[in-house]
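The file start-v2.txt comes next; it holds compact mmCIF, C-alpha atoms.
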```
# COMPACT_ATOMS: atom_id res chain seq x y z
CA ALA K 8 0.00 0.00 0.00
CA GLN K 9 1.11 3.52 -0.69
CA THR K 10 1.76 6.03 2.08
CA VAL K 11 2.55 9.73 2.09
CA THR K 12 4.39 11.39 4.96
CA GLN K 13 4.64 15.07 5.74
CA SER K 14 6.88 15.46 8.74
CA GLN K 15 6.38 19.19 9.30
CA PRO K 16 3.00 19.87 10.94
CA GLU K 17 3.56 23.64 10.94
CA MET K 18 5.94 26.10 9.33
CA SER K 19 6.34 29.83 9.32
CA VAL K 20 8.03 32.14 6.81
CA GLN K 21 8.45 35.87 6.42
CA GLU K 22 6.78 37.57 3.51
CA ALA K 23 9.02 37.61 0.39
CA GLU K 24 11.20 34.80 1.74
CA THR K 25 11.51 31.26 0.40
CA VAL K 26 10.20 28.19 2.17
CA THR K 27 10.42 24.46 1.43
CA LEU K 28 7.82 21.92 2.51
CA SER K 29 8.86 18.28 2.75
CA CYS K 30 7.07 15.18 1.56
CA THR K 31 8.15 11.58 1.31
CA TYR K 32 6.18 8.64 0.02
CA ASP K 33 6.38 4.89 -0.16
CA THR K 34 5.36 2.85 -3.17
CA SER K 35 6.43 -0.09 -5.27
CA GLU K 36 4.87 1.44 -8.37
CA ASN K 37 7.07 2.78 -11.13
CA ASN K 38 4.55 5.07 -12.77
CA TYR K 39 2.55 7.55 -10.72
CA TYR K 40 1.74 11.19 -10.21
CA LEU K 41 2.54 13.44 -7.29
CA PHE K 42 0.64 16.56 -6.36
CA TRP K 43 0.69 19.47 -3.98
CA TYR K 44 -2.69 20.86 -2.97
CA LYS K 45 -3.33 24.04 -1.03
CA GLN K 46 -6.25 24.37 1.39
CA PRO K 47 -6.74 27.96 2.58
CA PRO K 48 -9.11 28.84 5.43
CA SER K 49 -12.01 28.67 2.96
CA ARG K 50 -11.34 24.90 2.87
CA GLN K 51 -11.37 24.78 -0.94
CA MET K 52 -8.79 22.31 -2.25
CA ILE K 53 -6.65 24.01 -4.88
CA LEU K 54 -4.15 22.18 -7.06
CA VAL K 55 -0.76 23.88 -6.81
CA ILE K 56 1.49 21.69 -8.90
CA ARG K 57 1.70 18.22 -10.46
CA GLN K 58 4.67 15.96 -11.25
CA GLU K 59 4.67 12.87 -13.44
CA ALA K 60 7.08 10.24 -12.11
CA TYR K 61 8.44 9.41 -15.55
CA LYS K 62 9.60 12.99 -16.05
CA GLN K 63 13.01 13.82 -14.68
CA GLN K 64 12.49 17.54 -14.99
CA ASN K 65 11.07 19.17 -11.90
CA ALA K 66 7.70 20.86 -12.36
CA THR K 67 7.41 24.62 -11.95
CA GLU K 68 4.38 26.88 -11.70
CA ASN K 69 5.31 30.54 -11.26
CA ARG K 70 6.58 30.89 -7.67
CA PHE K 71 6.05 27.20 -6.92
CA SER K 72 8.53 24.50 -7.82
CA VAL K 73 9.23 20.97 -6.71
CA ASN K 74 12.34 18.94 -6.02
CA PHE K 75 11.44 15.43 -7.12
CA GLN K 76 13.91 12.75 -6.12
CA LYS K 77 12.46 9.47 -7.39
CA ALA K 78 15.09 7.16 -5.94
CA ALA K 79 14.74 8.76 -2.53
CA LYS K 80 10.93 8.95 -2.88
CA SER K 81 10.99 12.57 -1.94
CA PHE K 82 8.83 15.36 -3.32
CA SER K 83 9.37 18.75 -1.70
CA LEU K 84 7.61 22.01 -2.56
CA LYS K 85 9.49 25.29 -2.72
CA ILE K 86 7.58 28.54 -2.51
CA SER K 87 9.58 31.58 -3.57
CA ASP K 88 8.74 35.18 -2.73
CA SER K 89 6.15 34.07 -0.19
CA GLN K 90 2.96 36.11 -0.07
CA LEU K 91 0.36 36.52 2.65
CA GLY K 92 -2.13 34.70 0.43
CA ASP K 93 0.07 31.61 0.56
CA THR K 94 -1.01 31.07 4.16
CA ALA K 95 -2.80 27.73 4.05
CA MET K 96 -2.60 24.04 4.76
CA TYR K 97 -0.53 22.24 2.13
CA PHE K 98 -1.13 18.60 1.31
CA CYS K 99 1.14 16.32 -0.64
CA ALA K 100 -0.69 13.58 -2.56
CA PHE K 101 0.16 10.43 -4.50
CA MET K 102 -1.75 8.78 -7.33
CA LYS K 103 -0.76 5.53 -8.98
CA THR K 104 -1.59 5.18 -12.65
CA SER K 105 -2.10 1.42 -12.76
CA GLY K 106 -5.43 -0.15 -11.87
CA ALA K 107 -8.97 1.07 -12.30
CA THR K 108 -8.98 3.72 -9.60
CA ASN K 109 -6.94 6.88 -9.72
CA LYS K 110 -7.56 7.82 -6.12
CA LEU K 111 -5.43 10.35 -4.35
CA ILE K 112 -3.57 9.39 -1.19
CA PHE K 113 -2.88 12.41 0.95
CA GLY K 114 -0.37 13.22 3.63
CA THR K 115 -1.44 14.79 6.90
CA GLY K 116 -0.57 18.30 5.76
CA THR K 117 1.71 21.18 6.69
CA LEU K 118 0.20 24.38 8.00
CA LEU K 119 2.14 27.28 6.50
CA ALA K 120 1.89 30.74 8.01
CA VAL K 121 3.31 33.66 6.06
CA GLN K 122 4.20 36.50 8.42
CA PRO K 123 4.10 40.16 7.33
CA ASN C 20 -17.39 26.39 -17.20
CA ALA C 21 -18.70 26.19 -13.66
CA GLY C 22 -16.59 24.31 -11.17
CA VAL C 23 -17.60 21.30 -9.11
CA MET C 24 -20.68 22.14 -7.08
CA GLN C 25 -21.49 20.66 -3.72
CA ASN C 26 -24.53 21.26 -1.60
CA PRO C 27 -25.31 21.90 1.02
CA ARG C 28 -22.12 23.62 2.19
CA HIS C 29 -23.06 23.04 5.80
CA LEU C 30 -25.34 20.36 7.15
CA VAL C 31 -26.38 19.76 10.73
CA ARG C 32 -27.98 16.48 11.67
CA ARG C 33 -28.98 14.91 14.96
CA ARG C 34 -27.72 11.46 15.79
CA GLY C 35 -29.79 8.84 14.01
CA GLN C 36 -30.89 11.06 11.15
CA GLU C 37 -29.90 10.67 7.52
CA ALA C 38 -27.49 12.95 5.67
CA ARG C 39 -27.55 13.41 1.90
CA LEU C 40 -24.65 15.19 0.27
CA ARG C 41 -24.81 16.21 -3.37
CA CYS C 42 -22.08 16.72 -5.92
CA SER C 43 -22.50 18.09 -9.43
CA PRO C 44 -19.33 17.45 -11.44
CA MET C 45 -17.91 19.85 -13.95
CA LYS C 46 -19.51 19.74 -17.35
CA GLY C 47 -18.15 16.87 -19.40
CA HIS C 48 -16.69 15.04 -16.40
CA SER C 49 -17.90 11.49 -15.94
CA HIS C 50 -15.67 10.45 -13.02
CA VAL C 51 -16.54 11.37 -9.44
CA TYR C 52 -14.51 10.78 -6.28
CA TRP C 53 -15.62 11.32 -2.69
CA TYR C 54 -13.15 12.05 0.10
CA ARG C 55 -13.61 12.65 3.81
CA GLN C 56 -11.56 14.99 5.95
CA LEU C 57 -11.80 14.46 9.67
CA PRO C 58 -10.79 17.38 11.90
CA GLU C 59 -7.04 18.04 11.84
CA GLU C 60 -6.44 15.31 9.26
CA GLY C 61 -5.79 14.94 5.55
CA LEU C 62 -8.37 13.79 3.05
CA LYS C 63 -9.15 10.08 2.85
CA PHE C 64 -10.55 8.39 -0.23
CA MET C 65 -14.03 6.92 0.14
CA VAL C 66 -15.47 5.95 -3.24
CA TYR C 67 -14.96 6.34 -6.98
CA LEU C 68 -17.91 6.34 -9.37
CA GLN C 69 -18.54 6.68 -13.04
CA LYS C 70 -22.00 7.26 -14.47
CA GLU C 71 -24.31 4.56 -13.03
CA ASN C 72 -21.38 2.50 -11.75
CA ILE C 73 -19.44 2.21 -8.51
CA ILE C 74 -15.88 1.44 -9.55
CA ASP C 75 -14.12 1.39 -6.19
CA GLU C 76 -15.73 1.70 -2.77
CA SER C 77 -12.79 0.37 -0.79
CA GLY C 78 -12.67 3.49 1.40
CA MET C 79 -16.33 3.44 2.38
CA PRO C 80 -17.39 2.24 5.83
CA LYS C 81 -19.19 -1.06 5.40
CA GLU C 82 -22.40 0.08 7.05
CA ARG C 83 -24.61 3.17 6.81
CA PHE C 84 -22.72 4.75 3.88
CA SER C 85 -23.72 4.53 0.24
CA ALA C 86 -23.04 6.46 -2.93
CA GLU C 87 -24.54 6.75 -6.36
CA PHE C 88 -23.96 8.64 -9.59
CA PRO C 89 -27.09 8.28 -11.72
CA LYS C 90 -27.30 8.81 -15.43
CA GLU C 91 -29.02 12.13 -14.82
CA GLY C 92 -28.41 14.40 -11.87
CA PRO C 93 -25.75 14.81 -9.23
CA SER C 94 -23.77 12.19 -7.37
CA ILE C 95 -25.17 11.53 -3.91
CA LEU C 96 -23.32 10.40 -0.80
CA ARG C 97 -25.80 9.09 1.71
CA ILE C 98 -25.13 8.47 5.39
CA GLN C 99 -27.84 6.72 7.32
CA GLN C 100 -28.28 6.91 11.09
CA VAL C 101 -25.46 9.41 11.53
CA VAL C 102 -23.24 9.29 14.60
CA ARG C 103 -20.95 11.96 16.07
CA GLY C 104 -17.94 10.32 14.47
CA ASP C 105 -19.38 11.12 11.02
CA SER C 106 -18.80 14.83 11.66
CA ALA C 107 -16.30 15.84 9.00
CA ALA C 108 -15.84 17.73 5.75
CA TYR C 109 -16.84 15.69 2.72
CA PHE C 110 -15.23 16.62 -0.58
CA CYS C 111 -16.21 15.61 -4.04
CA ALA C 112 -13.81 15.75 -6.98
CA SER C 113 -14.59 15.25 -10.63
CA SER C 114 -12.33 14.25 -13.47
CA PRO C 115 -12.59 14.12 -17.25
CA GLN C 116 -9.99 11.37 -17.46
CA ALA C 117 -7.27 9.70 -15.49
CA TYR C 118 -5.36 12.07 -13.30
CA GLU C 119 -6.83 15.56 -13.14
CA GLN C 120 -9.17 15.88 -10.20
CA TYR C 121 -11.02 19.11 -9.54
CA PHE C 122 -12.41 19.56 -6.08
CA GLY C 123 -15.66 21.08 -4.95
CA PRO C 124 -15.85 23.38 -1.91
CA GLY C 125 -16.88 20.54 0.39
CA THR C 126 -19.82 19.89 2.69
CA ARG C 127 -19.21 20.27 6.39
CA LEU C 128 -21.37 17.80 8.28
CA THR C 129 -21.96 18.34 11.96
CA VAL C 130 -23.73 15.67 13.97
CA THR C 131 -25.21 16.86 17.26
```

Would you mind writing the structure in this file as structure tokens?
Amino acid sequence: AQTVTQSQPEMSVQEAETVTLSCTYDTSENNYYLFWYKQPPSRQMILVIRQEAYKQQNATENRFSVNFQKAAKSFSLKISDSQLGDTAMYFCAFMKTSGATNKLIFGTGTLLAVQP
Amino acid sequence: NAGVMQNPRHLVRRRGQEARLRCSPMKGHSHVYWYRQLPEEGLKFMVYLQKENIIDESGMPKERFSAEFPKEGPSILRIQQVVRGDSAAYFCASSPQAYEQYFGPGTRLTVT
């Protein structure tokens, strides 16, 4: 069975600074997707970034980038130039591509607070 | 294109009552997933449906919970005889294909 671990329950960063959120996962699958979702106080789940396991190049979306280390099963999220609106809970998620169900397996989340 | 709609956004039920949660997927999406988020936890998969078919219900409690996605109309997650432990946020996500899942705003169920 797949598991996702986020070892940082809470983090804090100053506005305009850079912060990295950690995520590790365990799987025997070779092909899968990894995601970072953001959940602000409104509770809406917002997709931040996606990484396909077969791609060596790290995904980037504006101020958000990942460091994907497949051999180490590590998938960290870097937020550059942090903004107050980045304050939210961040969830790392895994999805295997084999089988009939593409369900997401989530970590327990990291609460990020951006300080002015 | 409207996003995934869920209603109600908040639902209060007394113990023993039934709760019905609705999810209207995005236009053109035929795959629906339900997830539950208990307080202070991440989301946990419950069930995956396609039109008129339950594909995977491995995350559903064996009793009191059921789900459907009829040919016409929204997907329904039904919880019979609710208990306090059912209090949670229930999220629906829809997908046009394999890996893109778009989440609705969730329904927060409170059992008193």

Review point. What is the distance between CA of Gln58 in chain K and CA of Leu119 in chain K, in Å to one decimal?
Key: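 These atoms are spaced 21.2 Å apart.
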
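Within 10 Å of the point (-19.4, 16.3, 10.4), and counting only C-alpha atoms, the protein, DNA and RNA residues are His29, Leu30, Val31, Arg32, Ala38, Arg55, Gln56, Leu57, Pro58, Val101, Val102, Arg103, Gly104, Asp105, Ser106, Ala107, Ala108, Tyr109, Thr126, Arg127, Leu128, Thr129, Val130 and Thr131 of chain C.
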
Point to revise | Arg97 in chain C surroundings by all atoms listed in the file, 10 Å radius, close-in-sequence under 2 positions cut, as an MDAnalysis selection string | key: chainID C and resid 37:41 83:87 94:95 99:101

Check your understanding: Near Ser14 in chain K, counting only C-alpha atoms, which residues have an atom at most 9 Å away, once you skip same-chain residues fewer than 3 positions from it, shown as a PyMOL selection string?
Key -> chain K and resi 29-31+115-117

**Study point:** Contact residues (chain K, partner chain C, 8 Å, only C-alpha atoms) as a PyMOL selection string
**Key:** chain K and resi 40+50-54+98+102+104+107-116

**Study point:** Among the residues K:Val121, K:Met18, K:Leu41, K:Val26, the one that comes closest to Lys80 in chain K [using all atoms listed in the file]
**Key:**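 Between K:Val121, K:Met18, K:Leu41, K:Val26, the residue approaching Lys80 in chain K most closely is K:Leu41.
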
For range 79-91 of chain C, which lacks atoms in the input, supply N, CA and C atoms and format the output as a PDB file, in the frame of the given file.
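Here's the written file out-v1.pdb:
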```pdb
ATOM      1  N   MET C  79     -15.029   3.183   1.751  1.00  0.00           N
ATOM      2  CA  MET C  79     -16.330   3.440   2.380  1.00  0.00           C
ATOM      3  C   MET C  79     -16.500   2.554   3.605  1.00  0.00           C
ATOM      4  N   PRO C  80     -17.000   3.107   4.700  1.00  0.00           N
ATOM      5  CA  PRO C  80     -17.390   2.240   5.830  1.00  0.00           C
ATOM      6  C   PRO C  80     -18.421   1.222   5.337  1.00  0.00           C
ATOM      7  N   LYS C  81     -18.365   0.050   5.907  1.00  0.00           N
ATOM      8  CA  LYS C  81     -19.190  -1.060   5.400  1.00  0.00           C
ATOM      9  C   LYS C  81     -20.672  -0.829   5.663  1.00  0.00           C
ATOM     10  N   GLU C  82     -20.995  -0.114   6.706  1.00  0.00           N
ATOM     11  CA  GLU C  82     -22.400   0.080   7.050  1.00  0.00           C
ATOM     12  C   GLU C  82     -22.741   1.563   7.014  1.00  0.00           C
ATOM     13  N   ARG C  83     -23.967   1.847   6.736  1.00  0.00           N
ATOM     14  CA  ARG C  83     -24.610   3.170   6.810  1.00  0.00           C
ATOM     15  C   ARG C  83     -24.231   4.111   5.674  1.00  0.00           C
ATOM     16  N   PHE C  84     -23.163   3.849   4.956  1.00  0.00           N
ATOM     17  CA  PHE C  84     -22.720   4.750   3.880  1.00  0.00           C
ATOM     18  C   PHE C  84     -23.027   4.123   2.523  1.00  0.00           C
ATOM     19  N   SER C  85     -23.512   4.967   1.615  1.00  0.00           N
ATOM     20  CA  SER C  85     -23.720   4.530   0.240  1.00  0.00           C
ATOM     21  C   SER C  85     -23.525   5.707  -0.692  1.00  0.00           C
ATOM     22  N   ALA C  86     -23.257   5.402  -1.950  1.00  0.00           N
ATOM     23  CA  ALA C  86     -23.040   6.460  -2.930  1.00  0.00           C
ATOM     24  C   ALA C  86     -23.622   6.034  -4.264  1.00  0.00           C
ATOM     25  N   GLU C  87     -24.026   7.019  -5.030  1.00  0.00           N
ATOM     26  CA  GLU C  87     -24.540   6.750  -6.360  1.00  0.00           C
ATOM     27  C   GLU C  87     -24.213   7.917  -7.285  1.00  0.00           C
ATOM     28  N   PHE C  88     -24.180   7.618  -8.558  1.00  0.00           N
ATOM     29  CA  PHE C  88     -23.960   8.640  -9.590  1.00  0.00           C
ATOM     30  C   PHE C  88     -24.863   8.255 -10.747  1.00  0.00           C
ATOM     31  N   PRO C  89     -26.111   8.711 -10.712  1.00  0.00           N
ATOM     32  CA  PRO C  89     -27.090   8.280 -11.720  1.00  0.00           C
ATOM     33  C   PRO C  89     -26.787   8.873 -13.083  1.00  0.00           C
ATOM     34  N   LYS C  90     -27.477   8.337 -14.053  1.00  0.00           N
ATOM     35  CA  LYS C  90     -27.300   8.810 -15.430  1.00  0.00           C
ATOM     36  C   LYS C  90     -27.620  10.299 -15.545  1.00  0.00           C
ATOM     37  N   GLU C  91     -28.646  10.719 -14.851  1.00  0.00           N
ATOM     38  CA  GLU C  91     -29.020  12.130 -14.820  1.00  0.00           C
ATOM     39  C   GLU C  91     -28.932  12.628 -13.387  1.00  0.00           C
TER      40      GLU C  91
END
```
